[in-house]
$ cat coords.cif   # mmCIF, C-alpha atoms and all ligand atoms
data_work
#
loop_
_atom_site.label_atom_id
_atom_site.label_comp_id
_atom_site.auth_asym_id
_atom_site.auth_seq_id
_atom_site.Cartn_x
_atom_site.Cartn_y
_atom_site.Cartn_z
CA MET A 1 125.98 91.95 151.43
CA GLN A 2 124.03 92.15 154.67
CA THR A 3 120.74 94.07 155.01
CA LEU A 4 119.36 94.96 158.43
CA PHE A 5 115.63 95.49 158.90
CA LYS A 6 115.09 97.37 162.16
CA ASP A 7 112.30 98.84 164.27
CA ILE A 8 109.92 96.21 162.89
CA LYS A 9 106.57 96.55 164.65
CA GLY A 10 106.01 92.79 164.42
CA LEU A 11 108.07 90.02 162.88
CA VAL A 12 105.52 87.33 162.05
CA GLY A 13 106.12 83.58 161.80
CA CYS A 14 109.70 83.91 162.95
CA TYR A 15 111.52 80.84 164.35
CA LYS A 16 115.10 79.72 164.96
CA THR A 17 113.93 76.33 163.70
CA SER A 18 110.63 76.21 161.92
CA PRO A 19 108.01 73.51 162.57
CA PRO A 20 106.89 71.70 159.38
CA TYR A 21 103.30 72.98 159.79
CA LEU A 22 100.88 74.10 162.50
CA ALA A 23 97.61 72.39 163.39
CA GLY A 24 94.60 73.32 165.50
CA SER A 25 95.22 75.57 168.52
CA ASP A 26 98.94 75.84 167.63
CA MET A 27 97.99 78.02 164.67
CA LYS A 28 97.14 80.82 167.07
CA GLN A 29 100.69 80.51 168.43
CA PHE A 30 102.30 81.48 165.11
CA PRO A 31 104.87 83.80 166.69
CA VAL A 32 104.85 87.59 166.42
CA HIS A 33 108.05 89.19 167.75
CA GLU A 34 107.27 92.81 168.57
CA ASN A 35 109.80 95.64 168.13
CA ALA A 36 112.30 93.44 166.37
CA TRP A 37 115.18 93.35 163.87
CA MET A 38 116.01 90.83 161.15
CA THR A 39 119.08 90.40 158.94
CA VAL A 40 119.33 89.01 155.44
CA GLU A 41 122.50 87.98 153.66
CA GLY A 42 122.39 87.00 150.02
CA LYS A 43 119.15 85.13 149.54
CA LYS A 44 118.77 83.91 153.12
CA ILE A 45 117.50 85.05 156.51
CA THR A 46 120.49 85.11 158.86
CA GLY A 47 119.32 86.56 162.15
CA PHE A 48 116.56 88.21 164.18
CA GLY A 49 115.95 89.43 167.70
CA PRO A 50 114.54 92.22 169.89
CA MET A 51 115.53 95.86 169.20
CA SER A 52 117.21 95.97 172.63
CA GLU A 53 119.87 93.68 171.08
CA CYS A 54 119.98 95.14 167.58
CA PRO A 55 123.35 94.49 165.91
CA LYS A 56 125.38 97.01 163.88
CA CYS A 57 125.23 96.55 160.13
CA ASP A 58 127.88 97.43 157.55
CA GLY A 59 125.41 97.06 154.67
CA GLU A 60 122.00 98.63 154.03
CA THR A 61 119.58 99.39 156.86
CA VAL A 62 115.80 99.49 156.30
CA VAL A 63 113.78 101.23 159.01
CA CYS A 64 110.40 99.49 159.31
CA SER A 65 108.67 101.61 161.99
CA GLY A 66 104.99 100.81 162.39
CA ARG A 67 105.22 98.00 159.83
CA TYR A 68 105.02 94.22 160.06
CA ILE A 69 107.16 91.72 158.22
CA LEU A 70 105.26 88.59 157.16
CA PRO A 71 106.55 85.47 155.40
CA SER A 72 105.48 85.67 151.74
CA TRP A 73 102.18 84.02 150.90
CA CYS A 74 102.47 80.37 149.85
CA ASP A 75 99.65 79.68 147.42
CA SER A 76 99.24 75.90 147.20
CA HIS A 77 96.34 75.79 144.71
CA SER A 78 96.26 77.69 141.42
CA HIS A 79 95.29 77.21 137.78
CA LEU A 80 97.45 80.14 136.66
CA VAL A 81 98.20 78.73 133.19
CA TYR A 82 95.13 79.36 131.03
CA ALA A 83 94.29 80.90 127.68
CA ASP A 84 91.33 83.25 127.97
CA ASP A 85 89.21 84.68 130.70
CA ARG A 86 85.53 83.65 130.87
CA ALA A 87 83.90 87.02 131.43
CA GLY A 88 81.11 86.09 128.98
CA GLU A 89 80.10 83.15 131.14
CA PHE A 90 80.14 85.44 134.12
CA LEU A 91 77.42 87.48 132.43
CA ASP A 92 75.41 84.26 131.94
CA ARG A 93 75.75 83.63 135.63
CA LEU A 94 74.54 87.13 136.48
CA ARG A 95 71.53 86.37 134.29
CA GLY A 96 70.70 83.36 136.43
CA LEU A 97 72.63 80.29 135.22
CA THR A 98 74.56 78.25 137.79
CA TYR A 99 78.19 77.06 137.42
CA GLU A 100 76.85 73.55 136.76
CA GLU A 101 74.33 74.78 134.14
CA ILE A 102 77.04 76.73 132.29
CA ALA A 103 79.25 73.62 132.30
CA ALA A 104 76.38 71.44 131.01
CA LYS A 105 76.05 73.82 127.99
CA GLY A 106 79.72 73.13 127.05
CA GLY A 107 80.99 76.18 128.91
CA GLY A 108 83.25 76.12 131.95
CA ILE A 109 86.39 73.99 131.86
CA LEU A 110 85.63 72.68 128.34
CA ASN A 111 85.41 76.28 127.14
CA SER A 112 88.85 77.02 128.63
CA ALA A 113 90.21 73.81 127.05
CA ARG A 114 89.04 74.78 123.55
CA ALA A 115 90.82 78.13 123.86
CA LEU A 116 94.02 76.62 125.25
CA GLN A 117 94.25 73.84 122.66
CA LYS A 118 94.47 76.47 119.91
CA LEU A 119 97.15 78.58 121.55
CA PRO A 120 100.85 78.18 120.64
CA GLU A 121 103.02 77.16 123.59
CA ASP A 122 105.10 80.34 123.46
CA VAL A 123 102.04 82.57 123.67
CA LEU A 124 100.67 80.53 126.59
CA PHE A 125 104.05 80.83 128.30
CA ASP A 126 104.18 84.63 127.88
CA MET A 127 100.64 85.10 129.23
CA SER A 128 101.34 82.80 132.17
CA LEU A 129 104.64 84.49 132.99
CA ASP A 130 102.85 87.86 133.13
CA ARG A 131 100.35 86.39 135.60
CA LEU A 132 103.15 84.87 137.67
CA LEU A 133 104.94 88.22 137.88
CA ASP A 134 101.66 89.87 138.87
CA VAL A 135 101.08 87.52 141.81
CA ILE A 136 104.67 87.86 143.00
CA LYS A 137 103.99 91.60 143.16
CA LEU A 138 101.03 90.78 145.43
CA GLY A 139 103.34 88.97 147.84
CA VAL A 140 103.25 85.36 146.68
CA GLY A 141 106.58 83.68 147.49
CA ALA A 142 105.81 80.07 146.45
CA LEU A 143 103.13 78.72 144.14
CA GLU A 144 101.54 75.50 142.91
CA ILE A 145 100.19 75.50 139.33
CA LYS A 146 97.88 72.87 137.81
CA SER A 147 97.34 71.68 134.28
CA GLY A 148 93.77 70.65 133.40
CA TYR A 149 92.73 73.05 130.64
CA GLY A 150 94.32 70.88 127.94
CA LEU A 151 92.33 67.63 128.21
CA THR A 152 94.23 66.03 125.31
CA LEU A 153 97.67 64.47 125.53
CA LYS A 154 99.10 67.23 123.36
CA ALA A 155 97.47 70.14 125.18
CA GLU A 156 98.08 68.77 128.70
CA ARG A 157 101.75 68.34 127.80
CA LYS A 158 101.78 71.90 126.49
CA MET A 159 100.47 73.18 129.82
CA LEU A 160 102.94 71.10 131.84
CA ARG A 161 105.81 72.24 129.62
CA VAL A 162 104.78 75.84 130.21
CA ILE A 163 104.84 75.22 133.97
CA LYS A 164 108.31 73.63 133.64
CA ARG A 165 109.53 76.66 131.67
CA LEU A 166 108.03 78.97 134.30
CA LYS A 167 109.99 77.02 136.94
CA SER A 168 113.22 77.66 135.03
CA VAL A 169 112.77 81.45 135.07
CA SER A 170 110.77 81.93 138.27
CA PRO A 171 112.42 83.69 141.21
CA ILE A 172 110.07 81.81 143.58
CA PRO A 173 109.64 78.02 143.96
CA LEU A 174 106.86 76.49 141.87
CA LYS A 175 105.21 73.05 141.97
CA SER A 176 103.52 71.42 139.01
CA THR A 177 100.32 69.39 139.34
CA PHE A 178 98.94 67.23 136.53
CA LEU A 179 95.14 67.61 136.52
CA GLY A 180 94.33 65.52 133.43
CA CYS A 181 90.99 64.53 135.00
CA HIS A 182 89.54 68.03 135.26
CA ALA A 183 86.54 67.54 132.92
CA VAL A 184 85.49 64.79 130.51
CA PRO A 185 86.21 65.87 126.91
CA ALA A 186 83.33 65.55 124.43
CA GLU A 187 85.16 62.80 122.48
CA PHE A 188 84.79 60.42 125.45
CA ASP A 189 81.52 58.69 126.39
CA ASN A 190 82.21 58.62 130.10
CA SER A 191 84.65 59.65 132.81
CA SER A 192 85.95 56.12 133.25
CA ASP A 193 87.17 55.77 129.64
CA TYR A 194 88.87 59.17 129.77
CA THR A 195 90.44 58.30 133.12
CA THR A 196 91.91 55.17 131.51
CA HIS A 197 93.43 57.38 128.77
CA VAL A 198 94.89 59.72 131.40
CA ILE A 199 96.32 56.86 133.45
CA GLU A 200 97.69 54.78 130.59
CA ASP A 201 98.75 57.32 128.00
CA MET A 202 99.42 60.61 129.76
CA LEU A 203 100.54 60.09 133.34
CA PRO A 204 103.52 57.73 132.79
CA GLU A 205 104.87 59.82 129.90
CA PHE A 206 104.55 63.11 131.73
CA VAL A 207 106.17 61.65 134.85
CA SER A 208 109.07 60.28 132.83
CA GLU A 209 109.50 63.71 131.19
CA GLY A 210 109.88 65.28 134.64
CA LEU A 211 106.71 67.36 134.26
CA VAL A 212 104.77 66.20 137.32
CA ASP A 213 105.20 66.93 141.03
CA TYR A 214 101.60 65.98 141.98
CA VAL A 215 98.40 64.66 140.43
CA ASP A 216 94.91 66.03 140.92
CA VAL A 217 91.34 64.98 139.98
CA PHE A 218 88.07 66.92 140.08
CA CYS A 219 86.11 64.41 142.18
CA GLU A 220 82.55 65.69 141.75
CA THR A 221 79.13 64.78 140.36
CA GLY A 222 79.22 65.31 136.60
CA TYR A 223 83.04 65.18 136.53
CA PHE A 224 84.99 62.23 138.03
CA SER A 225 83.67 59.50 140.30
CA LEU A 226 85.17 58.03 143.44
CA ALA A 227 86.30 55.03 141.40
CA ASP A 228 88.06 57.30 138.85
CA THR A 229 89.69 59.23 141.67
CA GLN A 230 90.92 56.07 143.35
CA ARG A 231 92.42 54.79 140.10
CA ILE A 232 94.33 58.03 139.53
CA ILE A 233 95.66 58.11 143.08
CA GLU A 234 96.77 54.48 142.87
CA ALA A 235 98.42 54.90 139.45
CA ALA A 236 100.28 57.99 140.66
CA THR A 237 101.34 56.32 143.91
CA LYS A 238 102.91 53.48 141.90
CA LEU A 239 105.00 56.10 140.10
CA GLY A 240 106.00 57.75 143.39
CA ILE A 241 103.72 60.78 142.88
CA LYS A 242 101.42 62.14 145.60
CA SER A 243 97.98 63.61 145.04
CA LYS A 244 96.27 66.92 145.80
CA VAL A 245 92.60 66.48 145.03
CA HIS A 246 89.58 68.71 144.27
CA VAL A 247 86.85 67.29 146.55
CA ASN A 248 83.60 68.40 148.20
CA GLN A 249 83.12 71.56 146.12
CA PHE A 250 79.42 70.95 145.53
CA ASN A 251 78.71 67.43 146.85
CA ILE A 252 80.02 65.07 149.51
CA LEU A 253 80.81 61.85 147.64
CA GLY A 254 83.25 60.26 150.10
CA GLY A 255 86.31 61.72 148.38
CA VAL A 256 87.90 62.97 151.58
CA GLU A 257 88.09 59.51 153.13
CA LEU A 258 89.35 58.07 149.86
CA CYS A 259 92.15 60.65 149.72
CA VAL A 260 93.03 60.07 153.35
CA ASN A 261 93.35 56.35 152.64
CA GLY A 262 95.37 57.15 149.52
CA ASN A 263 97.82 59.29 151.53
CA SER A 264 96.98 62.45 149.53
CA LEU A 265 98.99 65.52 150.45
CA SER A 266 95.88 67.70 150.39
CA VAL A 267 92.13 67.78 149.86
CA ASP A 268 91.07 71.07 148.35
CA HIS A 269 87.75 73.02 148.31
CA LEU A 270 85.65 71.43 151.10
CA GLU A 271 82.84 73.97 150.75
CA VAL A 272 80.69 71.10 151.99
CA ILE A 273 82.11 68.70 154.57
CA SER A 274 80.75 66.05 156.95
CA ASP A 275 81.72 65.06 160.47
CA ALA A 276 83.00 61.76 159.03
CA ASP A 277 85.30 63.73 156.69
CA ILE A 278 86.69 65.71 159.61
CA ALA A 279 87.22 62.51 161.61
CA ALA A 280 89.05 60.97 158.64
CA LEU A 281 91.34 64.02 158.32
CA LYS A 282 92.15 63.82 162.04
CA THR A 283 93.50 60.30 161.63
CA THR A 284 96.18 61.69 159.28
CA LEU A 285 97.83 63.59 162.14
CA SER A 286 99.08 60.29 163.54
CA LYS A 287 102.84 59.87 163.92
CA ASP A 288 103.09 56.91 161.57
CA ARG A 289 102.19 59.07 158.57
CA ASN A 290 105.03 61.16 157.20
CA HIS A 291 102.61 64.06 156.60
CA PRO A 292 98.97 64.82 157.26
CA THR A 293 96.40 65.24 154.50
CA PHE A 294 96.03 69.03 154.57
CA PRO A 295 92.51 70.51 154.26
CA VAL A 296 92.76 73.45 151.81
CA ALA A 297 90.05 76.13 151.77
CA LEU A 298 89.60 78.38 148.73
CA PRO A 299 87.48 81.29 149.95
CA LEU A 300 87.80 83.38 146.76
CA CYS A 301 85.91 80.62 144.95
CA SER A 302 83.13 80.68 147.57
CA HIS A 303 83.00 84.47 147.31
CA PHE A 304 82.93 84.50 143.51
CA LEU A 305 80.40 81.67 143.01
CA GLY A 306 78.28 82.40 146.08
CA LEU A 307 79.03 78.96 147.55
CA PRO A 308 79.21 78.18 151.26
CA TYR A 309 82.60 78.94 152.83
CA THR A 310 84.68 76.01 154.02
CA PRO A 311 84.06 75.86 157.78
CA GLY A 312 87.60 76.90 158.62
CA ARG A 313 86.87 77.67 162.27
CA GLN A 314 85.44 74.19 162.76
CA LEU A 315 88.42 72.54 161.04
CA VAL A 316 90.94 74.41 163.20
CA ASP A 317 88.91 73.72 166.35
CA ALA A 318 88.99 70.04 165.37
CA GLY A 319 92.79 70.25 165.56
CA LEU A 320 93.47 70.23 161.80
CA PRO A 321 96.26 72.04 159.87
CA LEU A 322 94.06 74.31 157.75
CA VAL A 323 95.52 75.81 154.57
CA LEU A 324 94.23 78.85 152.66
CA ALA A 325 94.87 79.26 148.93
CA THR A 326 93.51 81.22 145.95
CA ASP A 327 92.29 78.67 143.35
CA HIS A 328 93.32 81.39 140.84
CA ASN A 329 91.50 80.39 137.62
CA PRO A 330 89.30 81.98 134.93
CA GLY A 331 86.05 80.24 135.95
CA THR A 332 85.61 80.22 139.71
CA SER A 333 88.26 82.57 141.10
CA PRO A 334 89.74 85.10 138.66
CA SER A 335 92.19 86.42 141.24
CA GLY A 336 95.54 85.43 142.70
CA ASP A 337 95.32 87.80 145.63
CA MET A 338 96.31 85.94 148.80
CA THR A 339 95.76 89.03 150.98
CA GLU A 340 92.11 88.87 149.99
CA VAL A 341 92.09 85.16 150.83
CA VAL A 342 93.43 85.92 154.31
CA ARG A 343 90.80 88.63 154.78
CA LEU A 344 87.98 86.27 153.84
CA GLY A 345 89.48 83.71 156.21
CA SER A 346 88.64 86.11 159.03
CA LEU A 347 85.55 87.83 157.64
CA LYS A 348 83.78 84.71 156.42
CA MET A 349 85.41 81.72 158.08
CA GLY A 350 85.87 83.05 161.59
CA LEU A 351 89.65 82.74 161.76
CA GLU A 352 91.75 85.07 163.85
CA PRO A 353 94.15 87.02 161.61
CA ILE A 354 97.18 85.15 162.93
CA GLU A 355 95.49 81.79 162.20
CA ALA A 356 94.63 82.91 158.67
CA ILE A 357 98.23 84.08 158.15
CA ALA A 358 99.64 80.74 159.37
CA ALA A 359 97.22 78.94 157.01
CA ALA A 360 98.36 81.10 154.07
CA THR A 361 102.10 80.87 154.73
CA LEU A 362 103.58 77.94 156.68
CA ASN A 363 100.69 75.54 156.07
CA GLY A 364 100.48 76.55 152.41
CA ALA A 365 104.19 75.76 152.08
CA ALA A 366 103.62 72.39 153.77
CA ALA A 367 100.81 71.57 151.33
CA MET A 368 103.46 71.86 148.56
CA ALA A 369 106.21 70.10 150.59
CA LEU A 370 108.15 73.38 150.61
CA SER A 371 108.15 74.21 154.30
CA ASP A 372 111.89 73.49 154.55
CA SER A 373 112.63 76.58 152.46
CA VAL A 374 109.66 78.99 152.71
CA GLY A 375 106.56 79.69 154.82
CA THR A 376 108.24 81.13 157.91
CA LEU A 377 110.97 83.66 158.67
CA SER A 378 113.56 81.23 159.92
CA LEU A 379 117.32 81.10 159.99
CA GLY A 380 118.57 79.73 156.68
CA LYS A 381 115.24 79.96 154.86
CA ARG A 382 114.78 81.96 151.68
CA ALA A 383 114.33 85.67 152.36
CA ASN A 384 110.89 85.86 150.71
CA PHE A 385 108.78 88.21 152.75
CA ILE A 386 106.29 91.07 152.80
CA LEU A 387 106.78 94.48 154.39
CA THR A 388 103.31 95.78 155.25
CA ARG A 389 102.05 99.33 155.37
CA GLU A 390 101.82 100.90 158.81
CA MET A 391 99.23 99.06 160.90
CA SER A 392 98.22 99.21 164.54
CA GLY A 393 97.74 95.42 164.61
CA LEU A 394 97.32 92.43 162.31
CA GLU A 395 93.55 92.66 162.79
CA GLU A 396 93.68 95.69 160.48
CA ILE A 397 94.16 93.26 157.56
CA PRO A 398 90.51 92.12 157.63
CA TYR A 399 89.19 95.19 159.49
CA ARG A 400 90.31 97.79 156.91
CA PHE A 401 89.14 95.43 154.26
CA ASN A 402 89.79 97.76 151.33
CA ASP A 403 93.21 99.08 152.33
CA VAL A 404 96.38 97.89 150.63
CA VAL A 405 98.38 95.70 153.05
CA VAL A 406 101.50 94.88 151.06
CA GLU A 407 103.84 97.86 150.83
CA LYS A 408 106.96 96.06 149.58
CA VAL A 409 107.73 92.52 148.56
CA TYR A 410 111.16 90.92 149.04
CA VAL A 411 112.17 87.94 146.93
CA ASN A 412 115.42 86.09 147.62
CA GLY A 413 116.54 88.97 149.86
CA GLU A 414 115.91 91.79 147.39
CA VAL A 415 113.07 94.25 146.90
CA TRP A 416 110.89 92.95 144.12
CA LEU A 417 110.42 95.72 141.62
CA GLY A 418 108.64 93.41 139.16
O1 LIG B 1 88.99 74.63 141.45
N1 LIG B 1 86.49 72.89 140.37
C1 LIG B 1 87.31 72.59 139.55
N2 LIG B 1 88.27 73.33 139.03
C2 LIG B 1 88.41 74.76 139.23
C3 LIG B 1 87.53 75.54 138.36
C4 LIG B 1 87.78 75.33 136.96
C5 LIG B 1 87.05 76.25 136.04
O2 LIG B 1 85.84 76.51 136.20
O3 LIG B 1 87.75 76.68 135.13
C6 LIG B 1 88.18 75.09 140.68
O4 LIG B 1 87.23 75.78 141.06
FE FE B 2 90.93 74.47 141.66
#
$ encode --input "coords.cif" --output "structure tokens"
Amino acid sequence: MQTLFKDIKGLVGCYKTSPPYLAGSDMKQFPVHENAWMTVEGKKITGFGPMSECPKCDGETVVCSGRYILPSWCDSHSHLVYADDRAGEFLDRLRGLTYEEIAAKGGGILNSARALQKLPEDVLFDMSLDRLLDVIKLGVGALEIKSGYGLTLKAERKMLRVIKRLKSVSPIPLKSTFLGCHAVPAEFDNSSDYTTHVIEDMLPEFVSEGLVDYVDVFCETGYFSLADTQRIIEAATKLGIKSKVHVNQFNILGGVELCVNGNSLSVDHLEVISDADIAALKTTLSKDRNHPTFPVALPLCSHFLGLPYTPGRQLVDAGLPLVLATDHNPGTSPSGDMTEVVRLGSLKMGLEPIEAIAAATLNGAAAMALSDSVGTLSLGKRANFILTREMSGLEEIPYRFNDVVVEKVYVNGEVWLG
């Protein structure tokens, strides 16, 4: 059956043929068709145009006066599968401990791992499915999910199996990232020995079981070194798996250049970044690479931990294809709200609303290799989109920073009632 959406105030990110991603000044050109219509048939977008040429429709008609239609958010960085929240640690932080100090006391990721190791797979699946349904309600139309709170072969497999089961029931596309090297478990003397275990015992098995779309490493002082990171990237590359890597959250170790040389799909966090890092990322826009290395900013993490914000304005001005994502996890970003991410993109990173939207939709899809099917409103793409409340302009998203933006969510062409 056909559905016609008419009198749309602005149809955002709408193309006959979508580009794979947008970089630099092109991000401001993410199209907004004013006073438009769009049709959906089955699960796909089938047409759009100006109201002056609005077709007749024999199916349902939805009048969208005063409202925008946006492509659904594409959240390319989440740790949505976890056991417990860490509200207790949050209190420690309010009393003066830093994220690093809490981790050094055995809190942080190791705390999440202890809780997850004890949990039966079915319980973990049910909790994770609830969270997935919650973020779909917030307008997420494609999502990456990482392991990394298992830290043993058994518990990492449990996490990855949960992600695979989520994929089988999810109405939106999901990608699975194996983050075995998230923290060094107490049983190991050093990061290098644990990395060897991850590379030799976990990675090949999980890949052969069809559990891994990408690998990740937390490349950071006190976690995994440059050498560990390089070994993971190389081992994954040999198995045909690309990397999406946590780098430059607290310290600049040279991880960005390493990931660029290792053809990583994305480098995520970048709260601290050097000119050399930016120059390295620029080289990945060259035509002989089949994709750039996408810089992914996670402003909810900066907000929650009081860290510097990734200099998004500077990255876009340098011509890079900036991505915005949530980092949804119990320690540094207990939220999967992409609208909030987009707001912080403008309020704290200096992005124009349309740039922040492009970073959170098309570029997010590209950072999961999903831009063929989601990320823009294009002919033949999945009809995953957001109908906003009435707004005078997209700048109201950050300007009215407490107002609800998402009025209705459509998934595969149908209103998501969740
Ligand atoms: O992306 N920094 C590494 N990993 C997560 C946080 C993990 C945690 O504290 O549970 C992040 O911020
Ligand atoms: Fe993360």
$ closest_atom_pairs --input "coords.cif" --of "chain A" --to "ligand FE 2 (chain B)" --cutoff "7 Å" --atoms "only C-alpha atoms and all ligand atoms" --output "JSON lines"
{"residue": "A:His77", "atom": "CA", "partner": "B:FE2", "partner_atom": "FE", "distance": 6.3}
{"residue": "A:Ser78", "atom": "CA", "partner": "B:FE2", "partner_atom": "FE", "distance": 6.2}
{"residue": "A:His79", "atom": "CA", "partner": "B:FE2", "partner_atom": "FE", "distance": 6.4}
{"residue": "A:His246", "atom": "CA", "partner": "B:FE2", "partner_atom": "FE", "distance": 6.5}
{"residue": "A:Asp327", "atom": "CA", "partner": "B:FE2", "partner_atom": "FE", "distance": 4.7}
$ write_last_selection --input "coords.cif" --atoms "C-alpha atoms" --output "compact mmCIF listing (two decimals), keeping the file's coordinate frame"
# COMPACT_ATOMS: atom_id res chain seq x y z
CA HIS A 77 96.34 75.79 144.71
CA SER A 78 96.26 77.69 141.42
CA HIS A 79 95.29 77.21 137.78
CA HIS A 246 89.58 68.71 144.27
CA ASP A 327 92.29 78.67 143.35
$ residues_around --input "coords.cif" --residues "region 249-254 of chain A" --least-positions-apart "4" --cutoff "12 Å" --atoms "all atoms listed in the file" --output "NGL selection string"
:A and (98-100 or 218-227 or 229-230 or 245 or 258-261 or 267-278 or 280 or 296-299 or 301-302 or 305-310 or 327 or 332)
$ closest_residue --input "coords.cif" --among "A:Asp7, A:Glu414, A:Glu60, A:Asp75" --to "Leu324 (chain A)" --atoms "all atoms listed in the file"
A:Asp75
$ closest_residue --input "coords.cif" --among "A:Thr293, A:Asn412, A:Thr61, A:Asn248" --to "ligand LIG 1 (chain B)" --atoms "all atoms listed in the file"
A:Asn248
$ closest_atom_pairs --input "coords.cif" --of "region 85-198 of chain A" --to "region 379-387 of chain A" --cutoff "9 Å" --atoms "all atoms listed in the file" --output "tab-separated table"
residue	atom	partner	partner_atom	distance
A:Gly139	CA	A:Ile386	CA	6.1
A:Val140	CA	A:Asn384	CA	8.7
A:Gly141	CA	A:Asn384	CA	5.8
A:Ala142	CA	A:Asn384	CA	8.8
A:Ile172	CA	A:Asn384	CA	8.2
$ atom_distance --input "coords.cif" --atom1 "CA of Phe125 (chain A)" --atom2 "CA of Cys181 (chain A)"
21.9 Å
$ closest_residue --input "coords.cif" --among "A:Asn363, A:Ser168, A:Ser76, A:Gln314" --to "Met349 (chain A)" --atoms "all atoms listed in the file"
A:Gln314
$ closest_residue --input "coords.cif" --among "A:Phe90, A:Phe206, A:Phe48, A:Trp37" --to "ligand LIG 1 (chain B)" --atoms "all atoms listed in the file"
A:Phe90
$ atom_distance --input "coords.cif" --atom1 "CA of Glu355 (chain A)" --atom2 "CA of Tyr399 (chain A)"
15.1 Å
$ residues_around --input "coords.cif" --residues "Met159 (chain A)" --least-positions-apart "4" --cutoff "9 Å" --atoms "only C-alpha atoms" --output "PDB file with C-alpha atoms, in the coordinates of the input"
ATOM      1  CA  VAL A  81      98.200  78.730 133.190  1.00  0.00           C
ATOM      2  CA  TYR A  82      95.130  79.360 131.030  1.00  0.00           C
ATOM      3  CA  LEU A 116      94.020  76.620 125.250  1.00  0.00           C
ATOM      4  CA  GLU A 121     103.020  77.160 123.590  1.00  0.00           C
ATOM      5  CA  LEU A 124     100.670  80.530 126.590  1.00  0.00           C
ATOM      6  CA  PHE A 125     104.050  80.830 128.300  1.00  0.00           C
ATOM      7  CA  LYS A 146      97.880  72.870 137.810  1.00  0.00           C
ATOM      8  CA  SER A 147      97.340  71.680 134.280  1.00  0.00           C
ATOM      9  CA  GLY A 148      93.770  70.650 133.400  1.00  0.00           C
ATOM     10  CA  TYR A 149      92.730  73.050 130.640  1.00  0.00           C
ATOM     11  CA  GLY A 150      94.320  70.880 127.940  1.00  0.00           C
ATOM     12  CA  LYS A 154      99.100  67.230 123.360  1.00  0.00           C
ATOM     13  CA  ALA A 155      97.470  70.140 125.180  1.00  0.00           C
ATOM     14  CA  ILE A 163     104.840  75.220 133.970  1.00  0.00           C
ATOM     15  CA  LYS A 164     108.310  73.630 133.640  1.00  0.00           C
TER      16      LYS A 164
END
$ closest_residue --input "coords.cif" --among "A:Met51, A:Leu347, A:Leu320, A:Leu417" --to "Leu138 (chain A)" --atoms "only C-alpha atoms"
A:Leu417
$ atom_distance --input "coords.cif" --atom1 "CA of Glu34 (chain A)" --atom2 "CA of Ile69 (chain A)"
10.4 Å
